[in-house]
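As provided, final-v8.txt (compact mmCIF, C-alpha atoms) reads as follows.
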```
# COMPACT_ATOMS: atom_id res chain seq x y z
CA MET J 1408 -70.08 23.07 99.87
CA ASN J 1409 -70.65 26.03 102.22
CA PHE J 1410 -67.33 27.93 102.23
CA GLU J 1411 -67.63 29.21 105.82
CA TYR J 1412 -68.61 25.80 107.16
CA PHE J 1413 -65.80 24.11 105.20
CA LEU J 1414 -63.21 26.53 106.56
CA ALA J 1415 -64.49 26.22 110.14
CA LYS J 1416 -64.36 22.43 109.85
CA ARG J 1417 -60.73 22.55 108.65
CA LEU J 1418 -59.81 24.83 111.54
CA ILE J 1419 -61.44 22.53 114.09
CA LYS J 1420 -59.86 19.33 112.77
CA GLY J 1421 -56.44 20.81 112.07
CA GLU J 1422 -53.50 19.78 114.25
CA ALA J 1423 -52.58 23.42 114.80
CA HIS J 1424 -55.92 23.94 116.49
CA LYS J 1425 -55.16 21.20 119.05
CA ILE J 1426 -51.74 22.54 120.07
CA SER J 1427 -52.51 26.24 119.76
CA ILE J 1428 -52.42 28.79 122.59
CA SER J 1429 -56.22 28.85 122.64
CA ALA J 1430 -56.53 25.08 123.22
CA PRO J 1431 -56.64 25.21 127.07
CA ILE J 1432 -58.99 28.21 126.99
CA ILE J 1433 -61.31 26.34 124.61
CA LYS J 1434 -61.27 23.29 126.90
CA ILE J 1435 -62.20 25.48 129.86
CA ALA J 1436 -65.07 27.02 127.87
CA ILE J 1437 -66.36 23.55 126.88
CA ALA J 1438 -66.09 22.38 130.49
CA ALA J 1439 -67.98 25.47 131.66
CA ILE J 1440 -70.83 24.79 129.23
CA ALA J 1441 -70.93 21.10 130.19
CA LEU J 1442 -71.00 21.97 133.90
CA GLY J 1443 -73.69 24.57 133.24
CA VAL J 1444 -75.88 22.06 131.41
CA VAL J 1445 -75.46 19.59 134.28
CA MET J 1446 -76.51 22.27 136.78
CA MET J 1447 -79.54 23.24 134.69
CA LEU J 1448 -80.68 19.64 134.21
CA VAL J 1449 -80.28 18.90 137.91
CA ALA J 1450 -82.09 22.12 138.89
CA ILE J 1451 -85.02 21.40 136.57
CA SER J 1452 -85.31 17.70 137.42
CA THR J 1453 -85.13 18.18 141.20
CA GLY J 1454 -87.42 21.22 141.23
CA VAL J 1455 -90.06 19.59 139.04
CA GLY J 1456 -89.62 16.23 140.79
CA LEU J 1457 -90.21 17.77 144.21
CA LYS J 1458 -93.29 19.64 142.94
CA HIS J 1459 -94.77 16.47 141.46
CA LYS J 1460 -94.08 14.42 144.60
CA ILE J 1461 -95.65 16.95 146.96
CA ARG J 1462 -98.67 17.33 144.67
CA GLU J 1463 -99.08 13.55 144.56
CA LYS J 1464 -99.05 13.31 148.35
CA VAL J 1465 -101.62 16.07 148.84
CA ALA J 1466 -103.81 14.48 146.14
CA ALA J 1467 -103.51 11.04 147.75
CA PHE J 1468 -105.36 12.34 150.83
CA ASN J 1469 -107.79 14.69 149.09
CA GLY J 1470 -108.05 13.96 145.37
CA HIS J 1471 -107.41 16.83 142.96
CA ILE J 1472 -110.90 18.31 143.20
CA GLN J 1473 -113.50 17.86 145.94
CA VAL J 1474 -117.25 18.07 145.38
CA SER J 1475 -119.31 18.61 148.52
CA SER J 1476 -122.35 20.36 149.95
CA TYR J 1477 -122.10 24.14 150.43
CA ASP J 1478 -123.11 23.58 154.07
CA ASN J 1479 -119.79 21.89 154.86
CA ASN J 1480 -118.06 25.30 154.78
CA ALA J 1481 -114.78 23.79 153.53
CA SER J 1482 -114.48 21.79 156.76
CA ASP J 1483 -112.32 18.66 156.95
CA VAL J 1484 -115.26 17.00 158.70
CA SER J 1485 -118.37 15.92 156.77
CA VAL J 1486 -121.31 17.91 158.13
CA MET J 1487 -124.07 17.55 155.56
CA PRO J 1488 -124.47 14.37 153.51
CA VAL J 1489 -124.50 14.25 149.73
CA SER J 1490 -126.43 11.66 147.77
CA LEU J 1491 -124.49 9.02 145.85
CA ASN J 1492 -127.08 9.25 143.09
CA GLN J 1493 -125.23 11.76 140.94
CA GLU J 1494 -124.78 11.81 137.17
CA PHE J 1495 -120.99 12.06 137.62
CA TYR J 1496 -120.71 9.02 139.90
CA PRO J 1497 -119.16 6.49 139.59
CA GLU J 1498 -117.89 7.74 136.20
CA PHE J 1499 -117.70 11.40 135.25
CA LYS J 1500 -118.62 11.17 131.58
CA GLY J 1501 -119.56 14.82 131.15
CA VAL J 1502 -115.97 16.12 131.47
CA ASP J 1503 -112.88 14.84 129.68
CA GLY J 1504 -109.64 14.20 131.55
CA ILE J 1505 -111.23 12.64 134.67
CA ASP J 1506 -109.30 9.60 135.89
CA HIS J 1507 -111.31 8.50 138.93
CA VAL J 1508 -114.19 9.52 141.22
CA GLN J 1509 -114.55 8.19 144.77
CA ALA J 1510 -116.98 8.80 147.62
CA VAL J 1511 -115.69 9.48 151.15
CA ALA J 1512 -116.85 10.81 154.53
CA SER J 1513 -114.89 12.18 157.49
CA LYS J 1514 -115.60 12.47 161.21
CA ALA J 1515 -113.53 13.96 164.03
CA GLY J 1516 -112.80 11.79 167.03
CA ILE J 1517 -110.37 10.77 169.76
CA ILE J 1518 -108.35 7.58 170.18
CA ARG J 1519 -107.90 6.68 173.86
CA THR J 1520 -105.39 4.13 175.12
CA GLU J 1521 -104.29 3.21 178.65
CA THR J 1522 -101.43 5.71 178.57
CA THR J 1523 -102.35 8.46 176.13
CA PHE J 1524 -104.89 9.85 173.67
CA GLU J 1525 -104.82 11.49 170.24
CA GLY J 1526 -107.25 13.61 168.23
CA ILE J 1527 -107.98 12.22 164.78
CA ILE J 1528 -110.09 12.57 161.67
CA ALA J 1529 -111.50 9.19 160.70
CA LYS J 1530 -111.76 9.13 156.93
CA GLY J 1531 -114.37 6.66 155.79
CA VAL J 1532 -113.70 5.07 152.42
CA GLY J 1533 -115.40 2.33 150.45
CA SER J 1534 -114.80 -0.20 147.72
CA ASP J 1535 -114.26 2.57 145.17
CA TYR J 1536 -111.31 4.11 147.02
CA LYS J 1537 -108.05 4.59 145.10
CA TRP J 1538 -105.39 2.88 147.25
CA ALA J 1539 -102.62 3.10 144.64
CA ALA J 1540 -100.71 5.91 146.39
CA PHE J 1541 -100.88 4.23 149.78
CA GLU J 1542 -99.34 1.06 148.41
CA GLU J 1543 -96.16 3.12 148.06
CA TYR J 1544 -96.51 4.62 151.55
CA LEU J 1545 -97.31 1.31 153.29
CA VAL J 1546 -94.47 0.45 155.70
CA GLU J 1547 -95.99 -2.44 157.64
CA GLY J 1548 -98.95 -4.82 157.40
CA GLU J 1549 -101.47 -4.56 154.57
CA LEU J 1550 -104.19 -2.27 153.28
CA PRO J 1551 -107.69 -2.76 154.77
CA ASN J 1552 -110.31 -4.59 152.75
CA TYR J 1553 -113.76 -2.99 152.56
CA LEU J 1554 -115.15 -5.04 149.69
CA GLY J 1555 -117.15 -7.38 151.95
CA ASP J 1556 -119.10 -6.90 155.16
CA LEU J 1557 -118.49 -4.08 157.61
CA ASN J 1558 -115.30 -4.76 159.56
CA GLU J 1559 -112.96 -3.18 162.13
CA GLU J 1560 -109.90 -2.86 159.89
CA VAL J 1561 -108.15 0.52 159.76
CA LEU J 1562 -105.05 1.99 158.17
CA MET J 1563 -103.10 4.16 160.62
CA SER J 1564 -100.01 6.29 160.07
CA GLU J 1565 -96.76 5.14 161.64
CA LEU J 1566 -96.48 8.56 163.29
CA MET J 1567 -99.88 8.20 164.98
CA ALA J 1568 -99.15 4.62 166.02
CA ASN J 1569 -95.88 5.64 167.68
CA ARG J 1570 -97.62 8.43 169.58
CA LEU J 1571 -100.27 5.99 170.82
CA HIS J 1572 -97.77 3.14 171.42
CA LEU J 1573 -99.67 0.87 169.04
CA LYS J 1574 -98.54 -1.55 166.35
CA THR J 1575 -99.96 -3.63 163.52
CA GLY J 1576 -102.51 -6.13 164.80
CA ASP J 1577 -103.41 -4.11 167.90
CA THR J 1578 -107.00 -3.14 168.70
CA PHE J 1579 -108.08 0.18 170.21
CA TYR J 1580 -111.17 2.26 170.94
CA ALA J 1581 -112.09 5.53 169.24
CA PHE J 1582 -114.76 7.95 170.44
CA PHE J 1583 -116.88 10.25 168.25
CA LEU J 1584 -119.40 12.94 169.25
CA LYS J 1585 -123.05 12.33 168.43
CA ASP J 1586 -124.24 15.03 166.03
CA GLY J 1587 -121.64 17.39 167.51
CA ASP J 1588 -123.51 17.44 170.85
CA VAL J 1589 -121.08 17.27 173.79
CA SER J 1590 -123.92 16.60 176.26
CA LYS J 1591 -124.57 13.13 174.83
CA LEU J 1592 -122.43 10.06 175.38
CA PRO J 1593 -120.06 9.69 172.42
CA ASN J 1594 -120.14 6.88 169.89
CA GLN J 1595 -117.56 4.24 170.66
CA ARG J 1596 -115.93 2.08 168.00
CA LYS J 1597 -113.40 -0.71 168.32
CA PHE J 1598 -110.85 -0.88 165.50
CA LYS J 1599 -107.97 -3.13 164.52
CA ILE J 1600 -104.80 -1.88 162.83
CA THR J 1601 -104.13 -3.90 159.67
CA GLY J 1602 -101.43 -1.64 158.25
CA LEU J 1603 -99.22 1.37 158.93
CA TYR J 1604 -98.38 4.02 156.37
CA ASP J 1605 -95.83 6.82 156.23
CA SER J 1606 -96.33 9.50 153.58
CA GLY J 1607 -93.76 11.84 155.09
CA PHE J 1608 -96.46 14.52 155.26
CA GLU J 1609 -96.73 15.05 159.02
CA GLU J 1610 -99.68 17.42 158.57
CA PHE J 1611 -101.73 14.49 157.23
CA ASP J 1612 -100.02 11.53 158.91
CA GLY J 1613 -100.71 12.93 162.37
CA LEU J 1614 -104.40 13.43 161.60
CA TYR J 1615 -105.95 10.88 159.22
CA LEU J 1616 -107.09 7.37 160.11
CA PHE J 1617 -108.68 5.35 157.29
CA THR J 1618 -111.73 3.25 158.12
CA ASP J 1619 -114.81 1.77 156.48
CA ILE J 1620 -117.20 4.53 155.34
CA ARG J 1621 -120.13 2.52 156.73
CA HIS J 1622 -118.95 3.31 160.28
CA ILE J 1623 -119.25 7.04 159.52
CA GLN J 1624 -122.66 6.56 157.92
CA ARG J 1625 -123.99 4.68 160.94
CA MET J 1626 -122.65 7.18 163.48
CA ASN J 1627 -124.08 10.09 161.49
CA LYS J 1628 -127.36 8.19 160.97
CA TRP J 1629 -127.05 8.54 157.22
CA GLU J 1630 -128.54 6.25 154.60
CA SER J 1631 -126.29 3.83 152.72
CA ASP J 1632 -126.44 6.09 149.65
CA GLN J 1633 -125.28 9.21 151.53
CA VAL J 1634 -121.64 10.29 151.75
CA GLY J 1635 -119.66 13.31 152.90
CA ASN J 1636 -118.13 14.37 149.59
CA PHE J 1637 -116.62 13.17 146.34
CA GLU J 1638 -112.91 13.24 145.47
CA ILE J 1639 -112.02 13.55 141.80
CA PHE J 1640 -108.64 12.65 140.29
CA LEU J 1641 -107.49 14.19 137.00
CA ASN J 1642 -105.26 12.75 134.29
CA ASN J 1643 -103.30 16.01 134.09
CA PHE J 1644 -102.78 18.16 137.17
CA ASP J 1645 -101.96 21.22 135.05
CA ASP J 1646 -105.62 21.33 133.95
CA ILE J 1647 -106.92 21.57 137.52
CA ASP J 1648 -108.34 25.12 137.31
CA GLU J 1649 -110.00 24.54 133.94
CA LYS J 1650 -111.45 21.16 134.97
CA SER J 1651 -112.68 22.56 138.27
CA LYS J 1652 -114.80 25.11 136.41
CA GLU J 1653 -116.12 22.43 134.04
CA ILE J 1654 -117.00 20.13 136.94
CA TYR J 1655 -118.75 22.95 138.79
CA GLY J 1656 -120.85 23.62 135.69
CA LYS J 1657 -121.81 19.93 135.38
CA THR J 1658 -122.96 19.47 139.00
CA VAL J 1659 -126.21 20.54 140.66
CA SER J 1660 -126.47 24.01 142.23
CA THR J 1661 -126.38 22.67 145.80
CA LEU J 1662 -122.87 21.26 145.33
CA ASP J 1663 -119.61 23.18 145.48
CA THR J 1664 -116.19 22.30 144.01
CA GLN J 1665 -112.83 23.06 145.56
CA THR J 1666 -109.34 22.28 144.27
CA ILE J 1667 -106.48 21.20 146.49
CA VAL J 1668 -104.58 24.26 145.23
CA ASN J 1669 -107.18 26.49 146.91
CA LYS J 1670 -107.58 24.30 149.98
CA TYR J 1671 -103.84 24.08 150.65
CA TYR J 1672 -102.78 27.33 149.03
CA LYS J 1673 -99.82 27.84 151.40
CA ILE J 1674 -98.24 24.56 150.29
CA PHE J 1675 -98.78 25.33 146.62
CA GLU J 1676 -97.53 28.90 146.99
CA TRP J 1677 -94.36 27.46 148.49
CA ILE J 1678 -93.76 24.96 145.70
CA SER J 1679 -94.52 27.63 143.08
CA LEU J 1680 -91.30 29.32 144.24
CA PHE J 1681 -89.40 26.37 142.76
CA ASP J 1682 -90.17 27.71 139.27
CA PHE J 1683 -88.56 31.06 140.08
CA ASN J 1684 -85.47 29.32 141.48
CA ILE J 1685 -85.16 27.16 138.36
CA ILE J 1686 -85.45 30.17 136.03
CA LEU J 1687 -82.89 32.09 138.12
CA ILE J 1688 -80.37 29.23 138.01
CA ILE J 1689 -80.82 28.75 134.25
CA GLY J 1690 -80.38 32.48 133.63
CA ILE J 1691 -77.19 32.72 135.68
CA VAL J 1692 -75.69 29.59 134.12
CA ILE J 1693 -76.43 30.75 130.56
CA ILE J 1694 -74.82 34.13 131.25
CA VAL J 1695 -71.71 32.51 132.75
CA SER J 1696 -71.46 29.99 129.90
CA GLY J 1697 -71.97 32.77 127.35
CA PHE J 1698 -69.15 34.89 128.77
CA ASN J 1699 -66.85 31.86 128.77
CA MET J 1700 -67.60 31.36 125.08
CA ILE J 1701 -67.08 35.07 124.39
CA THR J 1702 -63.61 34.79 125.93
CA ALA J 1703 -62.85 31.70 123.86
CA LEU J 1704 -64.09 33.39 120.67
CA LEU J 1705 -61.98 36.50 121.25
CA VAL J 1706 -58.91 34.31 121.77
CA LEU J 1707 -59.70 32.40 118.56
CA ILE J 1708 -60.05 35.67 116.63
CA LEU J 1709 -56.81 37.01 118.10
CA GLU J 1710 -55.00 33.79 117.22
CA ARG J 1711 -56.32 33.84 113.63
CA THR J 1712 -55.77 37.56 112.95
CA GLN J 1713 -53.40 36.88 110.04
CA MET J 1714 -55.87 34.45 108.48
CA ILE J 1715 -58.61 37.09 108.78
CA GLY J 1716 -56.36 39.61 107.02
CA ILE J 1717 -55.61 37.19 104.17
CA LEU J 1718 -59.31 36.36 103.72
CA LYS J 1719 -60.17 40.05 103.61
CA ALA J 1720 -57.37 40.68 101.10
CA LEU J 1721 -58.84 37.92 98.92
CA GLY J 1722 -62.22 39.69 98.98
CA SER J 1723 -64.11 37.85 101.73
CA ALA J 1724 -66.90 39.88 103.33
CA ASN J 1725 -66.89 40.64 107.06
CA TRP J 1726 -70.06 38.61 107.67
CA SER J 1727 -68.59 35.62 105.84
CA ILE J 1728 -65.51 35.65 108.10
CA ARG J 1729 -67.67 36.13 111.18
CA LYS J 1730 -69.69 33.07 110.19
CA VAL J 1731 -66.50 30.98 110.16
CA PHE J 1732 -65.86 31.77 113.81
CA LEU J 1733 -69.51 31.44 114.76
CA TYR J 1734 -69.57 27.96 113.21
CA ASN J 1735 -66.43 27.17 115.18
CA ALA J 1736 -67.93 28.43 118.42
CA SER J 1737 -71.21 26.57 117.77
CA TYR J 1738 -69.24 23.35 117.41
CA LEU J 1739 -67.56 23.95 120.76
CA ILE J 1740 -70.91 24.72 122.37
CA GLY J 1741 -72.27 21.48 120.88
CA ILE J 1742 -69.40 19.50 122.45
CA GLY J 1743 -70.15 21.10 125.81
CA LEU J 1744 -73.85 20.28 125.46
CA LEU J 1745 -73.06 16.67 124.56
CA TRP J 1746 -70.89 16.12 127.63
CA GLY J 1747 -73.27 18.06 129.85
CA ASN J 1748 -76.27 15.98 128.79
CA ALA J 1749 -74.37 12.72 129.20
CA ILE J 1750 -73.25 13.57 132.74
CA GLY J 1751 -76.47 15.33 133.81
CA LEU J 1752 -78.92 12.74 132.50
CA GLY J 1753 -76.71 9.97 133.86
CA ALA J 1754 -76.80 11.52 137.34
CA ILE J 1755 -80.58 11.98 137.13
CA PHE J 1756 -81.04 8.34 136.10
CA ILE J 1757 -78.92 7.12 139.02
CA GLN J 1758 -80.83 9.29 141.51
CA ASP J 1759 -84.17 8.13 140.11
CA LYS J 1760 -83.27 4.44 140.41
CA PHE J 1761 -81.22 4.36 143.61
CA GLN J 1762 -82.20 7.55 145.53
CA VAL J 1763 -78.59 8.25 146.43
CA LEU J 1764 -79.17 11.81 147.66
CA LYS J 1765 -81.26 12.17 150.83
CA PHE J 1766 -82.65 15.26 152.52
CA PRO J 1767 -80.92 16.02 155.85
CA ASN J 1768 -84.31 16.98 157.31
CA PRO J 1769 -87.09 15.12 155.44
CA LYS J 1770 -89.86 16.83 157.44
CA GLU J 1771 -89.13 20.17 155.75
CA TYR J 1772 -89.64 18.72 152.25
CA TYR J 1773 -92.19 15.98 153.10
CA ILE J 1774 -89.96 13.32 151.52
CA GLU J 1775 -86.79 11.44 152.50
CA TYR J 1776 -84.90 11.48 149.20
CA VAL J 1777 -84.42 14.04 146.45
CA PRO J 1778 -87.03 13.24 143.75
CA VAL J 1779 -86.23 13.86 140.09
CA HIS J 1780 -88.44 14.22 137.04
CA ILE J 1781 -87.56 15.29 133.50
CA ASP J 1782 -88.93 14.62 130.03
CA PHE J 1783 -87.52 14.60 126.50
CA ILE J 1784 -89.26 17.83 125.44
CA THR J 1785 -87.71 19.72 128.36
CA VAL J 1786 -84.23 18.40 127.58
CA LEU J 1787 -84.60 19.24 123.89
CA ALA J 1788 -85.90 22.75 124.60
CA LEU J 1789 -83.12 23.39 127.10
CA ASN J 1790 -80.39 22.36 124.65
CA ILE J 1791 -81.83 24.38 121.77
CA GLY J 1792 -82.30 27.39 124.03
CA VAL J 1793 -78.73 27.27 125.36
CA LEU J 1794 -77.30 26.89 121.85
CA ILE J 1795 -79.31 29.78 120.41
CA LEU J 1796 -78.69 32.16 123.34
CA CYS J 1797 -74.95 31.45 123.45
CA VAL J 1798 -74.60 31.97 119.67
CA LEU J 1799 -76.58 35.23 119.90
CA MET J 1800 -74.26 36.42 122.66
CA LEU J 1801 -71.29 35.73 120.34
CA LEU J 1802 -72.61 38.01 117.60
CA VAL J 1803 -71.41 41.13 119.44
CA PRO J 1804 -67.77 40.07 120.07
CA SER J 1805 -67.52 38.68 116.52
CA TYR J 1806 -68.10 42.26 115.33
CA ILE J 1807 -64.45 42.95 116.16
CA ILE J 1808 -63.58 41.18 112.90
CA THR J 1809 -65.00 44.15 110.94
CA LYS J 1810 -62.42 46.41 112.58
CA ILE J 1811 -59.44 44.36 111.43
CA THR J 1812 -57.65 45.81 108.37
CA PRO J 1813 -55.94 43.42 105.94
CA VAL J 1814 -52.52 45.20 105.92
CA LYS J 1815 -52.14 45.32 109.70
CA ALA J 1816 -53.61 41.84 110.15
CA ILE J 1817 -51.16 40.16 107.75
CA LYS J 1818 -48.24 41.80 109.60
CA PHE J 1819 -49.72 40.87 113.00
CA GLU J 1820 -47.65 38.45 115.11
```

As structure tokens - that is how I would like this structure written.
Amino acid sequence: MNFEYFLAKRLIKGEAHKISISAPIIKIAIAAIALGVVMMLVAISTGVGLKHKIREKVAAFNGHIQVSSYDNNASDVSVMPVSLNQEFYPEFKGVDGIDHVQAVASKAGIIRTETTFEGIIAKGVGSDYKWAAFEEYLVEGELPNYLGDLNEEVLMSELMANRLHLKTGDTFYAFFLKDGDVSKLPNQRKFKITGLYDSGFEEFDGLYLFTDIRHIQRMNKWESDQVGNFEIFLNNFDDIDEKSKEIYGKTVSTLDTQTIVNKYYKIFEWISLFDFNIILIIGIVIIVSGFNMITALLVLILERTQMIGILKALGSANWSIRKVFLYNASYLIGIGLLWGNAIGLGAIFIQDKFQVLKFPNPKEYYIEYVPVHIDFITVLALNIGVLILCVLMLLVPSYIITKITPVKAIKFE
């Protein structure tokens, strides 16, 4: 049996420990650690959750990586066509970690109604389009079906429909320039709204209308095997820079690759600030929790001064006695971590299932409710890190034990 551990265990379980002067101080220290863990878990889960949700929304409209002709000049409108006959389409076998590849084409236009008009980008998609994200965003009607013959079905945002005073089932006319030449009569297309979506991303909702890619091909006088660009989805977003370089190396020299991080760098610069905020909160909480434990440890040492003197008189080394109190403090930290995890993870679970907390202004965060995301590895690393850092902070105040002399300590009251 480890002597220091045995003695610390007896001190913790003893009745004197529960009714001692230090009892309320110890409870406050445990509560501070528990509250700190709750704050850290909430900060990490909400920060990471918001990052993931915003990334998902940007990717839903653009994919993670876009492959297009250099002549497009990073425009949102497809200028030069790209052939569908590529080695990486429909499956990108040359690079690992690719989830899906889809072909799209975009064309700028105007929707005109009896009372108003709205500028749009008609995004042409085909049978290979990944509708999974829009199933979540769909608020009315159904998703268009482009598996059969060319049809008039479109998916419009709820924001755009409200501006144009349209609803599901309505038909409307859209006008598109011919080859960008304003002197020619524009192409006119009649569409029917089959569904309305709301992603919460006003920058995209107010711009994109989803239609059959064959409309874009006909207006641009492209062949059936020509598209505007390819959108590639990855299994792991964190690999986006590495995979972008690999994809660029596997495509022909006339094609360029661009990640959504580069295309929407302002959005991703903004969400990168979440990491700094999380680190700042964790640092402050650990310091506060550490000082609470330092206070509790000093009180414990003061309360057990006579015991320290007796142990020294019996020949115990300073480090041995310090270990007794460090074991004691570690136990208290463990209790705080246990309660903190129970409360914090419980709150995260409730928010994830019921979305209790809402943003007062959803437009600023592109989502109505506070999203949460956390994994086991993060929780484990956080708990181990807090325990180690708090114990390390206690090494300095425990040094006071070396200054206690047996004669004075035994007489201490």

Here CA of Pro1551 (chain J) and CA of Gly1470 (chain J) stand apart by 19.2 Å

Mind listing whatever residues come within 10 Å of the point (-84.9, 18.5, 128.2)? Use only C-alpha atoms, file coordinates, and give them as an NGL selection string.
:J and (1447-1448 or 1451-1452 or 1748 or 1752 or 1781-1791)

Residues within 10 Å of Ile1755 (chain J), all atoms listed in the file, excluding chain neighbours under 5 positions, as a PDB file with C-alpha atoms, in the coordinates of the input:
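Final output, result.pdb:
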```
ATOM      1  CA  VAL J1445     -75.460  19.590 134.280  1.00  0.00           C
ATOM      2  CA  LEU J1448     -80.680  19.640 134.210  1.00  0.00           C
ATOM      3  CA  VAL J1449     -80.280  18.900 137.910  1.00  0.00           C
ATOM      4  CA  SER J1452     -85.310  17.700 137.420  1.00  0.00           C
ATOM      5  CA  THR J1453     -85.130  18.180 141.200  1.00  0.00           C
ATOM      6  CA  ILE J1750     -73.250  13.570 132.740  1.00  0.00           C
ATOM      7  CA  LYS J1760     -83.270   4.440 140.410  1.00  0.00           C
ATOM      8  CA  GLN J1762     -82.200   7.550 145.530  1.00  0.00           C
ATOM      9  CA  PRO J1778     -87.030  13.240 143.750  1.00  0.00           C
ATOM     10  CA  VAL J1779     -86.230  13.860 140.090  1.00  0.00           C
ATOM     11  CA  HIS J1780     -88.440  14.220 137.040  1.00  0.00           C
ATOM     12  CA  ILE J1781     -87.560  15.290 133.500  1.00  0.00           C
TER      13      ILE J1781
END
```

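Distances from J:Tyr1776, J:Phe1541, J:Tyr1806, J:Tyr1655 to Leu1603 (chain J) were compared using all atoms listed in the file, and the smallest one belongs to J:Phe1541.
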
TODO: Pick out the residues sitting within 12 Å of Lys1670 (chain J), and hand them over as a PyMOL selection string; count only C-alpha atoms, and ignore anything fewer than 3 positions along from it in its own chain.
DONE: chain J and resi 1465-1466+1469-1473+1480-1483+1664-1667+1673-1676

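Interatomic distance, CA of Ile1518 (chain J) against CA of Glu1610 (chain J): 17.5 Å.
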